[in-house]
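A.B. asks: Pasting in a structure now, in structure tokens, and then I'll have a few things to ask.
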Amino acid sequence: MIFISRWDALLFIKGAVMNNNFNKMTVFQTVILFILFSFPPCCLSFQYANLHQNCCFNSFLADKNATLKDHVTSLANSPEMVGWMKKIRREIHKNPELAYEELATSSLVRRELEGMGIKFRWPVAKTGVVAAVGSGNPPFVALRADMDALPIQELAEPEHKSQVDGKMHACGHDAHTAMLLGAARILQELRNCLQGTVVLLFQPAEERGEGAKDMIREGVLKDVDAIFGVHMIHRYPSGTVASRPGEFLAGCGSFKAIIKGKGGHAAAPQIAIDPILAAAVSIISLQNIISRETDPLDSQVVSVSIVQAGTAHNVIPESATIAGTYRAFGRKSFYALRKRIEEVIKAQAAVLRCSAEIDFDGKEHPTLPPTVNDERIYEHVRRVSNVIVGEENTELATMFTGSEDFASYLEEIPGCFLLLGIRNEKIGAVYPPHSPHYTIDEDVLPIGAALHATFAYSYLRNLSKNCSNSSC
Ligand SMILES: [Zn+2]
Ligand SMILES: [Zn+2]
């Protein structure tokens, strides 16, 4: 007979005493009992390292004794871990690097991953790093952080102020990278318990809107079941988690149309073909798409923000250029709007005997599709957030006209993008992203690391159990 736990041992002793046959116990059983009492099982001992499969957290929400939450938050909030994440975040903040130039940041990420004994692939999408923690086998779940800074002169005065003129981490990507490294450390501690593999994506060039697409082109989503992304936001108090199912952030696209006519004397328009008139009619007709063709409850925008034509008051030019942006929240609406912009400009140009060429792939302003969260994965995020930060700190976010290149991942696989509040008036963390005064509340770093790690851990566990109810 072998006792499998201290509880089993106690039950045996109780039974033996009640049946008055304690003296029948073998020497072997007594030795086993002594070992069990002297070295209690690790599930009950809160030893963070070297957990083996029997010690994994099979109950996330229901078990009151040794929950995954207790374990992960203890790890994330240990003074050593918090100090380490702050140090990393400050090191990145001091040396901001723009899109596809994140060489020092990428090197720092690799240095820390190597220190943890985590394997990674590099370079991916020029400066990106892709690491893996867990069994190395399916299922795979991905966590994403972006690493690039912005061409902004920092006007805040933190101790760790940007050392590079004209460049600044004004969107919190320095903190995103530090939080994902924190999650990597937590997951590495739990690696023997992971029921699959967590893929950690440190991507470049979010601000240019191309980093995620480049990462996808290099195969980072191969066999990945789901993806999670966290972004700092000043709109919510520190530690608040906000997200929503379905449509969340707007898609953002740009267009540039060159309308060609036939140049001539402005005093004899009948022998010229006027592209300026075609451009003017096109601009008005583009507004009719929004006011006459779209559902008023389905918010969309078309703005013409550039008009260029002509060089002299008495010359009808050869061509006219109009350019602008369009936004929509639903994928269907977004791509339908893009199609109608092309149809309207071409048709109005034709009415006025002109031709038009339209470019939707401007290098400076690439298309970002709408960010649409998968409802099932959102529900997972909501439940995990309820446990990690409390129901009172978990909010249903409103739709938001900003855009994120995380949307490109969500076009490929299901996932969820969520916001983590950093608003703290006491330390001046009140400015919106892309402000030169942008400041974050670093106390949210352990919360972000714990959220990342728990999303992944419990998602893999749920897949293996094929369960979706709250006791999972
Ligand atoms: Zn940004
Ligand atoms: Zn950002």
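Following the order of the structure tokens, chains are lettered A, B, ..., residues in each are numbered from 1, and ligands are numbered from 1.
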Which neighbours of range 118-134 of chain A fall inside 8 Å, counting only C-alpha atoms, when residues of the same chain fewer than 2 positions from it are skipped, and could you give them as a short mmCIF file (atom, residue, chain, number, x, y, z; two decimals) with N, CA and C atoms, in the first residue's frame?
C.D. replies:
```
data_model
loop_
_atom_site.label_atom_id
_atom_site.label_comp_id
_atom_site.auth_asym_id
_atom_site.auth_seq_id
_atom_site.Cartn_x
_atom_site.Cartn_y
_atom_site.Cartn_z
N TYR A 100 11.28 48.93 -36.57
CA TYR A 100 12.31 48.13 -37.25
C TYR A 100 13.74 48.54 -36.88
N GLU A 101 13.86 49.41 -35.87
CA GLU A 101 15.21 49.77 -35.39
C GLU A 101 15.40 49.25 -33.96
N GLU A 102 14.56 48.35 -33.50
CA GLU A 102 14.55 47.94 -32.08
C GLU A 102 15.68 46.95 -31.77
N LEU A 103 16.90 47.29 -32.16
CA LEU A 103 18.01 46.35 -31.99
C LEU A 103 18.42 46.19 -30.52
N SER A 106 15.53 44.50 -28.61
CA SER A 106 15.50 43.09 -28.95
C SER A 106 16.64 42.33 -28.26
N VAL A 109 15.72 41.81 -24.67
CA VAL A 109 14.73 40.72 -24.54
C VAL A 109 15.44 39.38 -24.61
N ARG A 110 16.34 39.23 -25.56
CA ARG A 110 17.06 37.96 -25.72
C ARG A 110 17.95 37.67 -24.52
N LEU A 113 15.67 36.44 -21.75
CA LEU A 113 15.15 35.09 -22.04
C LEU A 113 16.25 34.04 -21.84
N GLU A 114 17.45 34.38 -22.29
CA GLU A 114 18.58 33.45 -22.11
C GLU A 114 18.82 33.20 -20.62
N GLY A 115 18.74 34.29 -19.84
CA GLY A 115 18.93 34.18 -18.39
C GLY A 115 17.91 33.26 -17.74
N MET A 116 16.72 33.20 -18.34
CA MET A 116 15.66 32.33 -17.78
C MET A 116 15.73 30.91 -18.34
N GLY A 136 6.42 22.29 -25.57
CA GLY A 136 6.94 22.26 -26.94
C GLY A 136 5.96 21.62 -27.90
N ASN A 137 4.88 21.10 -27.37
CA ASN A 137 3.87 20.42 -28.19
C ASN A 137 2.56 21.20 -28.18
N ALA A 184 6.89 35.70 -18.84
CA ALA A 184 7.79 34.60 -19.24
C ALA A 184 8.40 33.95 -18.01
N LEU A 187 5.72 31.89 -16.20
CA LEU A 187 5.38 30.68 -16.96
C LEU A 187 6.54 29.68 -16.94
N GLN A 188 7.76 30.19 -16.92
CA GLN A 188 8.91 29.29 -16.84
C GLN A 188 8.91 28.55 -15.51
N ARG A 191 6.45 25.78 -15.93
CA ARG A 191 6.58 25.12 -17.23
C ARG A 191 6.16 23.65 -17.21
N ASN A 192 6.45 22.97 -16.12
CA ASN A 192 6.11 21.54 -16.09
C ASN A 192 4.63 21.30 -15.92
N CYS A 193 3.91 22.35 -15.59
CA CYS A 193 2.46 22.24 -15.44
C CYS A 193 1.71 22.70 -16.67
N LEU A 194 2.41 23.37 -17.60
CA LEU A 194 1.71 23.89 -18.78
C LEU A 194 1.25 22.73 -19.66
N GLN A 195 -0.03 22.75 -20.00
CA GLN A 195 -0.56 21.64 -20.79
C GLN A 195 -0.54 22.02 -22.26
N GLY A 196 0.64 22.35 -22.74
CA GLY A 196 0.85 22.80 -24.11
C GLY A 196 2.00 23.79 -24.09
N THR A 197 1.99 24.72 -25.06
CA THR A 197 3.11 25.65 -25.20
C THR A 197 2.60 27.08 -25.31
N VAL A 198 3.28 27.97 -24.58
CA VAL A 198 2.97 29.40 -24.69
C VAL A 198 4.01 30.04 -25.60
N VAL A 199 3.53 30.71 -26.65
CA VAL A 199 4.41 31.39 -27.60
C VAL A 199 4.42 32.87 -27.24
N LEU A 200 5.62 33.40 -27.01
CA LEU A 200 5.76 34.80 -26.60
C LEU A 200 6.24 35.62 -27.79
N LEU A 201 5.42 36.57 -28.23
CA LEU A 201 5.74 37.37 -29.41
C LEU A 201 6.20 38.76 -28.99
N PHE A 202 7.46 39.07 -29.22
CA PHE A 202 8.00 40.42 -29.01
C PHE A 202 8.12 41.02 -30.40
N GLN A 203 7.15 41.83 -30.79
CA GLN A 203 7.09 42.27 -32.19
C GLN A 203 7.59 43.71 -32.39
N PRO A 204 8.11 43.98 -33.57
CA PRO A 204 8.53 45.36 -33.90
C PRO A 204 7.37 46.13 -34.54
N GLY A 211 4.24 45.67 -38.19
CA GLY A 211 4.96 44.66 -37.43
C GLY A 211 4.22 43.34 -37.34
N ASP A 214 4.14 41.47 -40.64
CA ASP A 214 5.44 40.84 -40.94
C ASP A 214 5.68 39.60 -40.08
N MET A 215 5.28 39.67 -38.83
CA MET A 215 5.44 38.49 -37.94
C MET A 215 4.60 37.33 -38.48
N GLU A 218 6.06 35.55 -41.30
CA GLU A 218 7.17 34.66 -40.92
C GLU A 218 6.70 33.46 -40.11
N VAL A 220 4.61 33.04 -37.36
CA VAL A 220 4.55 32.95 -35.90
C VAL A 220 3.22 32.41 -35.38
#
```
A.B. asks: With only C-alpha atoms as the counted atoms, please give the residues lying no more than 7 Å from Gln348 in chain A, apart from itself and same-chain residues fewer than 4 positions off, as a PDB file with N, CA and C atoms, in the first residue's frame.
C.D. replies:
```pdb
ATOM      1  N   ALA A 278     -13.815  67.229 -61.245  1.00  0.00           N
ATOM      2  CA  ALA A 278     -14.035  65.809 -60.914  1.00  0.00           C
ATOM      3  C   ALA A 278     -13.626  65.525 -59.464  1.00  0.00           C
ATOM      4  N   VAL A 281     -16.400  67.049 -57.130  1.00  0.00           N
ATOM      5  CA  VAL A 281     -17.620  66.228 -57.098  1.00  0.00           C
ATOM      6  C   VAL A 281     -17.363  64.928 -56.325  1.00  0.00           C
ATOM      7  N   SER A 282     -16.178  64.367 -56.497  1.00  0.00           N
ATOM      8  CA  SER A 282     -15.830  63.126 -55.777  1.00  0.00           C
ATOM      9  C   SER A 282     -15.852  63.358 -54.259  1.00  0.00           C
ATOM     10  N   VAL A 344     -16.856  55.175 -56.130  1.00  0.00           N
ATOM     11  CA  VAL A 344     -17.382  56.542 -56.225  1.00  0.00           C
ATOM     12  C   VAL A 344     -16.398  57.462 -56.948  1.00  0.00           C
ATOM     13  N   LEU A 352     -17.254  63.027 -65.537  1.00  0.00           N
ATOM     14  CA  LEU A 352     -16.653  64.285 -66.011  1.00  0.00           C
ATOM     15  C   LEU A 352     -15.496  64.034 -66.980  1.00  0.00           C
TER      16      LEU A 352
END
```
A.B. asks: Quick one: everything within 7 Å of range 398-410 of chain A, counting only C-alpha atoms, minus sequence neighbours fewer than 2 positions away in the same chain. Send it as a PyMOL selection string.
C.D. replies: chain A and resi 206+209+212-213+248-252+368-372+396+412-415
A.B. asks: Save the residues we just selected, C-alpha atoms, as a PDB file, in the first residue's frame?
C.D. replies:
```
ATOM      1  CA  GLU A 206       3.342  48.393 -34.175  1.00  0.00           C
ATOM      2  CA  GLY A 209       1.086  49.196 -38.561  1.00  0.00           C
ATOM      3  CA  ALA A 212       2.166  42.166 -36.832  1.00  0.00           C
ATOM      4  CA  LYS A 213       1.719  41.491 -40.556  1.00  0.00           C
ATOM      5  CA  PHE A 248     -13.638  46.979 -30.321  1.00  0.00           C
ATOM      6  CA  LEU A 249     -11.185  49.311 -32.123  1.00  0.00           C
ATOM      7  CA  ALA A 250     -11.777  50.874 -35.524  1.00  0.00           C
ATOM      8  CA  GLY A 251     -10.096  49.756 -38.698  1.00  0.00           C
ATOM      9  CA  CYS A 252      -8.031  52.526 -40.240  1.00  0.00           C
ATOM     10  CA  LEU A 368      -5.103  48.421 -40.146  1.00  0.00           C
ATOM     11  CA  PRO A 369      -8.206  46.236 -40.055  1.00  0.00           C
ATOM     12  CA  PRO A 370     -10.763  46.625 -37.238  1.00  0.00           C
ATOM     13  CA  THR A 371      -9.844  44.964 -33.943  1.00  0.00           C
ATOM     14  CA  VAL A 372     -12.542  42.344 -33.422  1.00  0.00           C
ATOM     15  CA  LEU A 396     -16.847  46.405 -20.355  1.00  0.00           C
ATOM     16  CA  GLU A 412      -5.989  35.117 -38.702  1.00  0.00           C
ATOM     17  CA  ILE A 413      -6.905  33.426 -35.407  1.00  0.00           C
ATOM     18  CA  PRO A 414      -9.316  34.044 -32.499  1.00  0.00           C
ATOM     19  CA  GLY A 415      -8.051  36.178 -29.665  1.00  0.00           C
TER      20      GLY A 415
END
```
A.B. asks: I'd like a table as JSON lines: residues in chain A with an atom no more than 12 Å from ligand 2, each row giving the shortest atom pair and its distance in Å to one decimal, only C-alpha atoms and all ligand atoms counted, sorted by chain and rising residue number.
C.D. replies:
```
{"residue": "A:Ala99", "atom": "CA", "partner": "ligand 2", "partner_atom_place_in_ligand_line": "1 (Zn)", "distance": 11.9}
{"residue": "A:Arg144", "atom": "CA", "partner": "ligand 2", "partner_atom_place_in_ligand_line": "1 (Zn)", "distance": 11.9}
{"residue": "A:Ala145", "atom": "CA", "partner": "ligand 2", "partner_atom_place_in_ligand_line": "1 (Zn)", "distance": 9.5}
{"residue": "A:Asp146", "atom": "CA", "partner": "ligand 2", "partner_atom_place_in_ligand_line": "1 (Zn)", "distance": 7.5}
{"residue": "A:Met147", "atom": "CA", "partner": "ligand 2", "partner_atom_place_in_ligand_line": "1 (Zn)", "distance": 9.1}
{"residue": "A:Asp148", "atom": "CA", "partner": "ligand 2", "partner_atom_place_in_ligand_line": "1 (Zn)", "distance": 8.6}
{"residue": "A:Ala149", "atom": "CA", "partner": "ligand 2", "partner_atom_place_in_ligand_line": "1 (Zn)", "distance": 8.7}
{"residue": "A:Leu150", "atom": "CA", "partner": "ligand 2", "partner_atom_place_in_ligand_line": "1 (Zn)", "distance": 9.5}
{"residue": "A:His169", "atom": "CA", "partner": "ligand 2", "partner_atom_place_in_ligand_line": "1 (Zn)", "distance": 9.2}
{"residue": "A:Ala170", "atom": "CA", "partner": "ligand 2", "partner_atom_place_in_ligand_line": "1 (Zn)", "distance": 8.1}
{"residue": "A:Cys171", "atom": "CA", "partner": "ligand 2", "partner_atom_place_in_ligand_line": "1 (Zn)", "distance": 4.5}
{"residue": "A:Gly172", "atom": "CA", "partner": "ligand 2", "partner_atom_place_in_ligand_line": "1 (Zn)", "distance": 6.3}
{"residue": "A:His173", "atom": "CA", "partner": "ligand 2", "partner_atom_place_in_ligand_line": "1 (Zn)", "distance": 6.0}
{"residue": "A:Asp174", "atom": "CA", "partner": "ligand 2", "partner_atom_place_in_ligand_line": "1 (Zn)", "distance": 9.7}
{"residue": "A:Ala175", "atom": "CA", "partner": "ligand 2", "partner_atom_place_in_ligand_line": "1 (Zn)", "distance": 10.3}
{"residue": "A:His176", "atom": "CA", "partner": "ligand 2", "partner_atom_place_in_ligand_line": "1 (Zn)", "distance": 8.9}
{"residue": "A:Thr177", "atom": "CA", "partner": "ligand 2", "partner_atom_place_in_ligand_line": "1 (Zn)", "distance": 11.4}
{"residue": "A:Gln203", "atom": "CA", "partner": "ligand 2", "partner_atom_place_in_ligand_line": "1 (Zn)", "distance": 11.7}
{"residue": "A:Pro204", "atom": "CA", "partner": "ligand 2", "partner_atom_place_in_ligand_line": "1 (Zn)", "distance": 11.3}
{"residue": "A:Ala205", "atom": "CA", "partner": "ligand 2", "partner_atom_place_in_ligand_line": "1 (Zn)", "distance": 10.0}
{"residue": "A:Glu206", "atom": "CA", "partner": "ligand 2", "partner_atom_place_in_ligand_line": "1 (Zn)", "distance": 6.9}
{"residue": "A:Glu207", "atom": "CA", "partner": "ligand 2", "partner_atom_place_in_ligand_line": "1 (Zn)", "distance": 6.7}
{"residue": "A:Arg208", "atom": "CA", "partner": "ligand 2", "partner_atom_place_in_ligand_line": "1 (Zn)", "distance": 10.3}
{"residue": "A:Gly209", "atom": "CA", "partner": "ligand 2", "partner_atom_place_in_ligand_line": "1 (Zn)", "distance": 10.2}
{"residue": "A:Gly211", "atom": "CA", "partner": "ligand 2", "partner_atom_place_in_ligand_line": "1 (Zn)", "distance": 11.9}
{"residue": "A:Gly229", "atom": "CA", "partner": "ligand 2", "partner_atom_place_in_ligand_line": "1 (Zn)", "distance": 10.8}
{"residue": "A:Val230", "atom": "CA", "partner": "ligand 2", "partner_atom_place_in_ligand_line": "1 (Zn)", "distance": 9.5}
{"residue": "A:His231", "atom": "CA", "partner": "ligand 2", "partner_atom_place_in_ligand_line": "1 (Zn)", "distance": 6.5}
{"residue": "A:Met232", "atom": "CA", "partner": "ligand 2", "partner_atom_place_in_ligand_line": "1 (Zn)", "distance": 7.7}
{"residue": "A:Ile233", "atom": "CA", "partner": "ligand 2", "partner_atom_place_in_ligand_line": "1 (Zn)", "distance": 9.0}
{"residue": "A:His234", "atom": "CA", "partner": "ligand 2", "partner_atom_place_in_ligand_line": "1 (Zn)", "distance": 11.9}
{"residue": "A:Gly402", "atom": "CA", "partner": "ligand 2", "partner_atom_place_in_ligand_line": "1 (Zn)", "distance": 9.8}
{"residue": "A:Ser403", "atom": "CA", "partner": "ligand 2", "partner_atom_place_in_ligand_line": "1 (Zn)", "distance": 9.0}
{"residue": "A:Glu404", "atom": "CA", "partner": "ligand 2", "partner_atom_place_in_ligand_line": "1 (Zn)", "distance": 7.1}
{"residue": "A:Asp405", "atom": "CA", "partner": "ligand 2", "partner_atom_place_in_ligand_line": "1 (Zn)", "distance": 8.9}
{"residue": "A:Phe406", "atom": "CA", "partner": "ligand 2", "partner_atom_place_in_ligand_line": "1 (Zn)", "distance": 9.7}
{"residue": "A:Phe417", "atom": "CA", "partner": "ligand 2", "partner_atom_place_in_ligand_line": "1 (Zn)", "distance": 11.7}
{"residue": "A:Leu418", "atom": "CA", "partner": "ligand 2", "partner_atom_place_in_ligand_line": "1 (Zn)", "distance": 11.8}
{"residue": "A:Leu419", "atom": "CA", "partner": "ligand 2", "partner_atom_place_in_ligand_line": "1 (Zn)", "distance": 10.5}
{"residue": "A:Leu420", "atom": "CA", "partner": "ligand 2", "partner_atom_place_in_ligand_line": "1 (Zn)", "distance": 11.9}
{"residue": "A:Pro432", "atom": "CA", "partner": "ligand 2", "partner_atom_place_in_ligand_line": "1 (Zn)", "distance": 10.7}
{"residue": "A:Pro433", "atom": "CA", "partner": "ligand 2", "partner_atom_place_in_ligand_line": "1 (Zn)", "distance": 7.2}
{"residue": "A:His434", "atom": "CA", "partner": "ligand 2", "partner_atom_place_in_ligand_line": "1 (Zn)", "distance": 8.4}
{"residue": "A:Ser435", "atom": "CA", "partner": "ligand 2", "partner_atom_place_in_ligand_line": "1 (Zn)", "distance": 11.8}
{"residue": "A:Tyr438", "atom": "CA", "partner": "ligand 2", "partner_atom_place_in_ligand_line": "1 (Zn)", "distance": 11.8}
```
A.B. asks: Take the residues from that selection and put them in a file with C-alpha atoms, as a PDB file, in the first residue's frame.
C.D. replies:
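Produced file again_21.pdb, reproduced below:
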```
ATOM      1  CA  ALA A  99       9.909  50.800 -35.947  1.00  0.00           C
ATOM      2  CA  ARG A 144       2.076  39.538 -27.661  1.00  0.00           C
ATOM      3  CA  ALA A 145       4.075  42.638 -26.701  1.00  0.00           C
ATOM      4  CA  ASP A 146       5.176  45.440 -29.019  1.00  0.00           C
ATOM      5  CA  MET A 147       8.633  47.045 -28.656  1.00  0.00           C
ATOM      6  CA  ASP A 148       8.766  50.207 -30.798  1.00  0.00           C
ATOM      7  CA  ALA A 149       8.777  53.864 -29.719  1.00  0.00           C
ATOM      8  CA  LEU A 150       7.495  57.059 -31.360  1.00  0.00           C
ATOM      9  CA  HIS A 169       8.096  55.538 -25.529  1.00  0.00           C
ATOM     10  CA  ALA A 170       4.814  57.450 -25.475  1.00  0.00           C
ATOM     11  CA  CYS A 171       2.506  54.473 -26.023  1.00  0.00           C
ATOM     12  CA  GLY A 172       3.642  52.179 -23.192  1.00  0.00           C
ATOM     13  CA  HIS A 173       5.405  49.619 -25.387  1.00  0.00           C
ATOM     14  CA  ASP A 174       8.363  49.674 -22.987  1.00  0.00           C
ATOM     15  CA  ALA A 175       5.984  48.506 -20.250  1.00  0.00           C
ATOM     16  CA  HIS A 176       4.359  45.927 -22.571  1.00  0.00           C
ATOM     17  CA  THR A 177       7.775  44.364 -23.174  1.00  0.00           C
ATOM     18  CA  GLN A 203       7.093  42.273 -32.187  1.00  0.00           C
ATOM     19  CA  PRO A 204       8.526  45.358 -33.898  1.00  0.00           C
ATOM     20  CA  ALA A 205       6.843  48.264 -35.661  1.00  0.00           C
ATOM     21  CA  GLU A 206       3.342  48.393 -34.175  1.00  0.00           C
ATOM     22  CA  GLU A 207       3.231  52.145 -34.629  1.00  0.00           C
ATOM     23  CA  ARG A 208       3.879  51.737 -38.339  1.00  0.00           C
ATOM     24  CA  GLY A 209       1.086  49.196 -38.561  1.00  0.00           C
ATOM     25  CA  GLY A 211       4.962  44.656 -37.429  1.00  0.00           C
ATOM     26  CA  GLY A 229      -2.614  41.295 -26.243  1.00  0.00           C
ATOM     27  CA  VAL A 230      -2.573  43.892 -23.438  1.00  0.00           C
ATOM     28  CA  HIS A 231      -2.259  47.681 -23.903  1.00  0.00           C
ATOM     29  CA  MET A 232      -1.763  50.374 -21.262  1.00  0.00           C
ATOM     30  CA  ILE A 233      -4.429  53.085 -21.218  1.00  0.00           C
ATOM     31  CA  HIS A 234      -4.883  56.279 -19.191  1.00  0.00           C
ATOM     32  CA  GLY A 402      -8.025  54.260 -32.210  1.00  0.00           C
ATOM     33  CA  SER A 403      -6.475  51.393 -34.191  1.00  0.00           C
ATOM     34  CA  GLU A 404      -4.008  48.634 -33.359  1.00  0.00           C
ATOM     35  CA  ASP A 405      -1.985  46.331 -35.534  1.00  0.00           C
ATOM     36  CA  PHE A 406      -2.944  43.503 -33.127  1.00  0.00           C
ATOM     37  CA  PHE A 417      -7.157  42.585 -27.062  1.00  0.00           C
ATOM     38  CA  LEU A 418      -7.626  44.293 -23.723  1.00  0.00           C
ATOM     39  CA  LEU A 419      -6.748  47.546 -22.011  1.00  0.00           C
ATOM     40  CA  LEU A 420      -5.012  47.839 -18.650  1.00  0.00           C
ATOM     41  CA  PRO A 432      -3.231  59.874 -23.393  1.00  0.00           C
ATOM     42  CA  PRO A 433      -0.964  57.702 -25.542  1.00  0.00           C
ATOM     43  CA  HIS A 434       1.266  59.676 -27.959  1.00  0.00           C
ATOM     44  CA  SER A 435       1.384  62.688 -25.636  1.00  0.00           C
ATOM     45  CA  TYR A 438       2.860  60.388 -21.350  1.00  0.00           C
TER      46      TYR A 438
END
```
A.B. asks: Ranking A:Ser305, A:Asp298, A:Ile290, A:His380 by minimum distance to Arg340 in chain A and counting only C-alpha atoms, which one comes first?
C.D. replies: A:Ile290
A.B. asks: Can you tell me which residues surround Asp359 in chain A at a distance of at most 7 Å, considering only C-alpha atoms, apart from same-chain residues fewer than 6 positions away, and format the answer as a VMD selection string?
C.D. replies: chain A and resid 255 to 257
A.B. asks: Quick one: write out the picked residues with N, CA and C atoms as a PDB file, in the first residue's frame?
C.D. replies:
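File produced: out-v3.pdb:
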```
ATOM      1  N   PHE A 255      -6.368  56.471 -48.374  1.00  0.00           N
ATOM      2  CA  PHE A 255      -6.456  56.372 -49.831  1.00  0.00           C
ATOM      3  C   PHE A 255      -5.853  57.613 -50.465  1.00  0.00           C
ATOM      4  N   LYS A 256      -5.366  57.415 -51.677  1.00  0.00           N
ATOM      5  CA  LYS A 256      -4.840  58.546 -52.440  1.00  0.00           C
ATOM      6  C   LYS A 256      -5.299  58.340 -53.885  1.00  0.00           C
ATOM      7  N   ALA A 257      -6.064  59.314 -54.412  1.00  0.00           N
ATOM      8  CA  ALA A 257      -6.600  59.176 -55.773  1.00  0.00           C
ATOM      9  C   ALA A 257      -5.979  60.228 -56.670  1.00  0.00           C
TER      10      ALA A 257
END
```
A.B. asks: If DSSP is run on the backbone, what residues of range 40-275 of chain A are strand (DSSP E or B)? A reply as a PyMOL selection string would be ideal.
C.D. replies: chain A and resi 119-124+128-134+140-146+150+168+197-203+224-237+241-243+246-249+251-260+262+264-265+273
A.B. asks: Could you check which of A:Asp70, A:Asp274, A:Asp441, A:Glu189 is closest to Ser319 in chain A, using only C-alpha atoms?
C.D. replies: A:Asp274
A.B. asks: Please report the interatomic distance between CA of Tyr457 in chain A and CA of Gly117 in chain A in Å with one decimal.
C.D. replies: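 Between CA of Tyr457 in chain A and CA of Gly117 in chain A the gap works out to 18.7 Å.
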A.B. asks: Could you name the residues that touch Pro446 in chain A at 8 Å or less, counting only C-alpha atoms, but leaving out those on the same chain fewer than 3 positions away, as a tab-separated table (two decimals) with C-alpha atoms, in the first residue's frame?
C.D. replies:
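Result file follows (part28.tsv):
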```tsv
chain	number	residue	atom	x	y	z
A	73	THR	CA	0.22	36.92	-8.02
A	76	ALA	CA	4.43	38.65	-9.90
A	77	ASN	CA	4.41	40.77	-6.74
A	82	VAL	CA	8.73	43.94	-9.36
A	85	MET	CA	10.41	44.51	-14.29
A	179	MET	CA	5.27	42.76	-18.56
A	182	GLY	CA	7.57	39.08	-16.34
A	443	ASP	CA	2.67	49.53	-10.19
A	449	ALA	CA	2.53	40.01	-16.00
A	450	ALA	CA	0.06	38.04	-13.86
```
A.B. asks: From range 112-244 of chain A, collect each residue whose DSSP state is alpha helix (DSSP H) and return the set as a compact mmCIF listing (two decimals) with N, CA and C atoms, in the first residue's frame.
C.D. replies:
```txt
# COMPACT_ATOMS: atom_id res chain seq x y z
N GLU A 112 17.46 38.57 -21.43
CA GLU A 112 16.64 38.13 -20.30
C GLU A 112 16.08 36.73 -20.52
N LEU A 113 15.67 36.44 -21.75
CA LEU A 113 15.15 35.09 -22.04
C LEU A 113 16.25 34.04 -21.84
N GLU A 114 17.45 34.38 -22.29
CA GLU A 114 18.58 33.45 -22.11
C GLU A 114 18.82 33.20 -20.62
N GLY A 115 18.74 34.29 -19.84
CA GLY A 115 18.93 34.18 -18.39
C GLY A 115 17.91 33.26 -17.74
N MET A 116 16.72 33.20 -18.34
CA MET A 116 15.66 32.33 -17.78
C MET A 116 15.73 30.91 -18.34
N HIS A 173 4.87 50.89 -24.87
CA HIS A 173 5.41 49.62 -25.39
C HIS A 173 6.60 49.13 -24.56
N ASP A 174 7.28 50.08 -23.90
CA ASP A 174 8.36 49.67 -22.99
C ASP A 174 7.79 48.82 -21.84
N ALA A 175 6.64 49.26 -21.33
CA ALA A 175 5.98 48.51 -20.25
C ALA A 175 5.42 47.18 -20.77
N HIS A 176 4.88 47.19 -22.01
CA HIS A 176 4.36 45.93 -22.57
C HIS A 176 5.46 44.86 -22.64
N THR A 177 6.66 45.32 -23.05
CA THR A 177 7.77 44.36 -23.17
C THR A 177 8.19 43.85 -21.79
N ALA A 178 8.26 44.77 -20.81
CA ALA A 178 8.65 44.35 -19.45
C ALA A 178 7.62 43.38 -18.86
N MET A 179 6.33 43.64 -19.11
CA MET A 179 5.27 42.76 -18.56
C MET A 179 5.33 41.37 -19.19
N LEU A 180 5.62 41.31 -20.49
CA LEU A 180 5.66 39.99 -21.13
C LEU A 180 6.89 39.21 -20.66
N LEU A 181 8.00 39.92 -20.40
CA LEU A 181 9.15 39.22 -19.82
C LEU A 181 8.81 38.72 -18.41
N GLY A 182 8.03 39.53 -17.67
CA GLY A 182 7.57 39.08 -16.34
C GLY A 182 6.72 37.83 -16.46
N ALA A 183 5.83 37.83 -17.43
CA ALA A 183 4.98 36.64 -17.65
C ALA A 183 5.84 35.44 -18.03
N ALA A 184 6.89 35.70 -18.84
CA ALA A 184 7.79 34.60 -19.24
C ALA A 184 8.40 33.95 -18.01
N ARG A 185 8.81 34.77 -17.06
CA ARG A 185 9.42 34.23 -15.83
C ARG A 185 8.43 33.39 -15.04
N ILE A 186 7.21 33.90 -14.93
CA ILE A 186 6.17 33.15 -14.19
C ILE A 186 5.88 31.82 -14.89
N LEU A 187 5.72 31.89 -16.20
CA LEU A 187 5.38 30.68 -16.96
C LEU A 187 6.54 29.68 -16.94
N GLN A 188 7.76 30.19 -16.92
CA GLN A 188 8.91 29.29 -16.84
C GLN A 188 8.91 28.55 -15.51
N GLU A 189 8.50 29.21 -14.44
CA GLU A 189 8.37 28.54 -13.14
C GLU A 189 7.31 27.43 -13.21
N GLY A 211 4.24 45.67 -38.19
CA GLY A 211 4.96 44.66 -37.43
C GLY A 211 4.22 43.34 -37.34
N ALA A 212 2.94 43.41 -36.99
CA ALA A 212 2.17 42.17 -36.83
C ALA A 212 2.07 41.42 -38.15
N LYS A 213 1.83 42.16 -39.24
CA LYS A 213 1.72 41.49 -40.56
C LYS A 213 3.03 40.79 -40.92
N ASP A 214 4.14 41.47 -40.64
CA ASP A 214 5.44 40.84 -40.94
C ASP A 214 5.68 39.60 -40.08
N MET A 215 5.28 39.67 -38.83
CA MET A 215 5.44 38.49 -37.94
C MET A 215 4.60 37.33 -38.48
N ILE A 216 3.38 37.64 -38.90
CA ILE A 216 2.48 36.59 -39.42
C ILE A 216 3.09 35.96 -40.68
N ARG A 217 3.64 36.83 -41.56
CA ARG A 217 4.29 36.33 -42.78
C ARG A 217 5.43 35.36 -42.45
```
A.B. asks: Set the distance at 9 Å and use only C-alpha atoms: which residues neighbour Ile341 in chain A once local chain neighbours fewer than 3 positions away are removed? I'd like the list as a ChimeraX atom specification.
C.D. replies: /A:255,286,289,302,326,336-338,344-346
